[in-house]
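Text of model-v9.pdb, listed as PDB, C-alpha atoms, pLDDT in the B column:
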```
ATOM      1  CA  MET P   1     216.142 163.923 -45.395  1.00 68.00           C
ATOM      2  CA  HIS P   2     213.330 163.251 -43.021  1.00 71.00           C
ATOM      3  CA  PRO P   3     213.575 160.588 -40.309  1.00 68.00           C
ATOM      4  CA  GLN P   4     209.998 159.502 -41.029  1.00 78.00           C
ATOM      5  CA  ASN P   5     211.109 158.173 -44.424  1.00 83.00           C
ATOM      6  CA  HIS P   6     212.195 154.534 -44.573  1.00 90.00           C
ATOM      7  CA  SER P   7     215.812 154.156 -43.507  1.00 93.00           C
ATOM      8  CA  LEU P   8     216.843 152.364 -46.711  1.00 93.00           C
ATOM      9  CA  ILE P   9     215.472 155.208 -48.836  1.00 93.00           C
ATOM     10  CA  ARG P  10     217.230 157.829 -46.698  1.00 94.00           C
ATOM     11  CA  ALA P  11     220.478 155.887 -46.781  1.00 94.00           C
ATOM     12  CA  THR P  12     220.375 155.353 -50.545  1.00 94.00           C
ATOM     13  CA  ALA P  13     219.603 159.021 -51.205  1.00 95.00           C
ATOM     14  CA  ALA P  14     222.391 160.105 -48.856  1.00 94.00           C
ATOM     15  CA  ALA P  15     224.889 157.729 -50.468  1.00 94.00           C
ATOM     16  CA  LEU P  16     224.054 159.045 -53.934  1.00 95.00           C
ATOM     17  CA  LEU P  17     224.400 162.634 -52.756  1.00 95.00           C
ATOM     18  CA  LEU P  18     227.772 161.850 -51.201  1.00 93.00           C
ATOM     19  CA  ARG P  19     228.981 160.736 -54.626  1.00 92.00           C
ATOM     20  CA  GLN P  20     227.247 163.227 -56.906  1.00 93.00           C
ATOM     21  CA  GLY P  21     225.796 166.061 -54.845  1.00 94.00           C
ATOM     22  CA  THR P  22     226.781 169.671 -54.411  1.00 96.00           C
ATOM     23  CA  THR P  23     228.805 170.720 -51.393  1.00 95.00           C
ATOM     24  CA  GLU P  24     225.652 171.593 -49.435  1.00 97.00           C
ATOM     25  CA  GLN P  25     223.995 168.298 -50.404  1.00 96.00           C
ATOM     26  CA  LYS P  26     227.088 166.400 -49.321  1.00 94.00           C
ATOM     27  CA  LYS P  27     227.003 168.147 -45.938  1.00 95.00           C
ATOM     28  CA  ALA P  28     223.354 167.170 -45.438  1.00 95.00           C
ATOM     29  CA  ALA P  29     224.051 163.613 -46.596  1.00 95.00           C
ATOM     30  CA  THR P  30     227.007 163.331 -44.219  1.00 94.00           C
ATOM     31  CA  ASN P  31     224.813 164.422 -41.312  1.00 95.00           C
ATOM     32  CA  THR P  32     222.121 161.930 -42.298  1.00 95.00           C
ATOM     33  CA  MET P  33     224.628 159.080 -42.488  1.00 94.00           C
ATOM     34  CA  LYS P  34     226.190 160.090 -39.173  1.00 95.00           C
ATOM     35  CA  GLN P  35     222.778 159.992 -37.503  1.00 94.00           C
ATOM     36  CA  MET P  36     221.996 156.623 -39.066  1.00 95.00           C
ATOM     37  CA  LEU P  37     225.359 155.024 -38.265  1.00 94.00           C
ATOM     38  CA  THR P  38     225.170 156.098 -34.628  1.00 95.00           C
ATOM     39  CA  ASN P  39     221.488 155.238 -34.193  1.00 95.00           C
ATOM     40  CA  LYS P  40     220.461 152.776 -31.472  1.00 95.00           C
ATOM     41  CA  GLN P  41     218.365 150.791 -33.953  1.00 95.00           C
ATOM     42  CA  GLU P  42     220.380 148.135 -35.724  1.00 95.00           C
ATOM     43  CA  ARG P  43     218.238 148.396 -38.891  1.00 95.00           C
ATOM     44  CA  GLU P  44     219.280 152.049 -39.318  1.00 95.00           C
ATOM     45  CA  LYS P  45     222.953 151.106 -39.131  1.00 94.00           C
ATOM     46  CA  ILE P  46     222.585 148.141 -41.478  1.00 94.00           C
ATOM     47  CA  ASN P  47     220.749 150.168 -44.118  1.00 94.00           C
ATOM     48  CA  ALA P  48     223.318 152.955 -43.953  1.00 94.00           C
ATOM     49  CA  VAL P  49     226.245 150.563 -44.442  1.00 92.00           C
ATOM     50  CA  LYS P  50     224.383 148.680 -47.165  1.00 92.00           C
ATOM     51  CA  ALA P  51     223.693 151.884 -49.119  1.00 91.00           C
ATOM     52  CA  LEU P  52     227.286 153.057 -48.798  1.00 90.00           C
ATOM     53  CA  LYS P  53     228.552 149.707 -50.066  1.00 90.00           C
ATOM     54  CA  GLU P  54     226.076 149.432 -52.955  1.00 89.00           C
ATOM     55  CA  ASN P  55     226.878 152.950 -54.131  1.00 87.00           C
ATOM     56  CA  ASN P  56     230.652 152.452 -53.857  1.00 85.00           C
ATOM     57  CA  VAL P  57     231.091 155.321 -51.427  1.00 82.00           C
ATOM     58  CA  PRO P  58     234.573 155.199 -49.882  1.00 77.00           C
ATOM     59  CA  VAL P  59     234.371 154.938 -46.116  1.00 72.00           C
ATOM     60  CA  ILE P  60     237.091 155.931 -43.690  1.00 69.00           C
ATOM     61  CA  ALA P  61     236.785 154.206 -40.331  1.00 66.00           C
ATOM     62  CA  ALA P  62     236.847 156.508 -37.323  1.00 61.00           C
ATOM     63  CA  ALA P  63     239.387 155.788 -34.642  1.00 53.00           C
ATOM     64  CA  GLY P  64     238.127 154.983 -31.201  1.00 51.00           C
TER      65      GLY P  64
END
```

Any chance you could give the structure as structure tokens?
Amino acid sequence: MHPQNHSLIRATAAALLLRQGTTEQKKAATNTMKQMLTNKQEREKINAVKALKENNVPVIAAAG
């Protein structure tokens, strides 16, 4: 998924792939979400969390 795409579109696509994708797609989606959730821009983080919630993707909070 390309960073030049709108963050909500990237997040939604990644969330769907996390639920229904192949192993390779899930790896790519995990990397995309990791980049979005650790991004300095608040909008990136919000859209990632929103997409995960709307697509009922289980989230495990990281310690630390």

Go ahead and compute the interatomic distance for atom CA of Val49 of chain P and atom CA of Gln20 of chain P, in Å to one decimal. 17.8 Å

Neighbouring residues of Val57 of chain P were defined as those with any atom within 12 Å, considering only C-alpha atoms; residues of the same chain fewer than 4 positions away were excluded. Please report them as JSON, numbers by chain. {"P": [11, 12, 14, 15, 16, 17, 18, 19, 20, 26, 29, 30, 33, 48, 49, 50, 51, 52, 53]}

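Atom to atom, atom CA of Leu8 of chain P and atom CA of Arg43 of chain P stand 8.9 Å apart.
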
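The space separating atom CA of Asn47 of chain P from atom CA of His2 of chain P comes to 15.1 Å.
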
Using only C-alpha atoms: which of P:Lys45, P:Ala13, P:Ser7, P:Asn55 has the shortest distance to Ala28 of chain P: P:Ala13

Which centre and edge lengths in Å to one decimal define the box along x, y and z that fits every listed atom of segment 36-43 of chain P plus 3 Å per side, as AutoDock Vina command-line options?
```
--center_x 221.8 --center_y 152.4 --center_z -35.3 --size_x 13.1 --size_y 14.5 --size_z 13.6
```
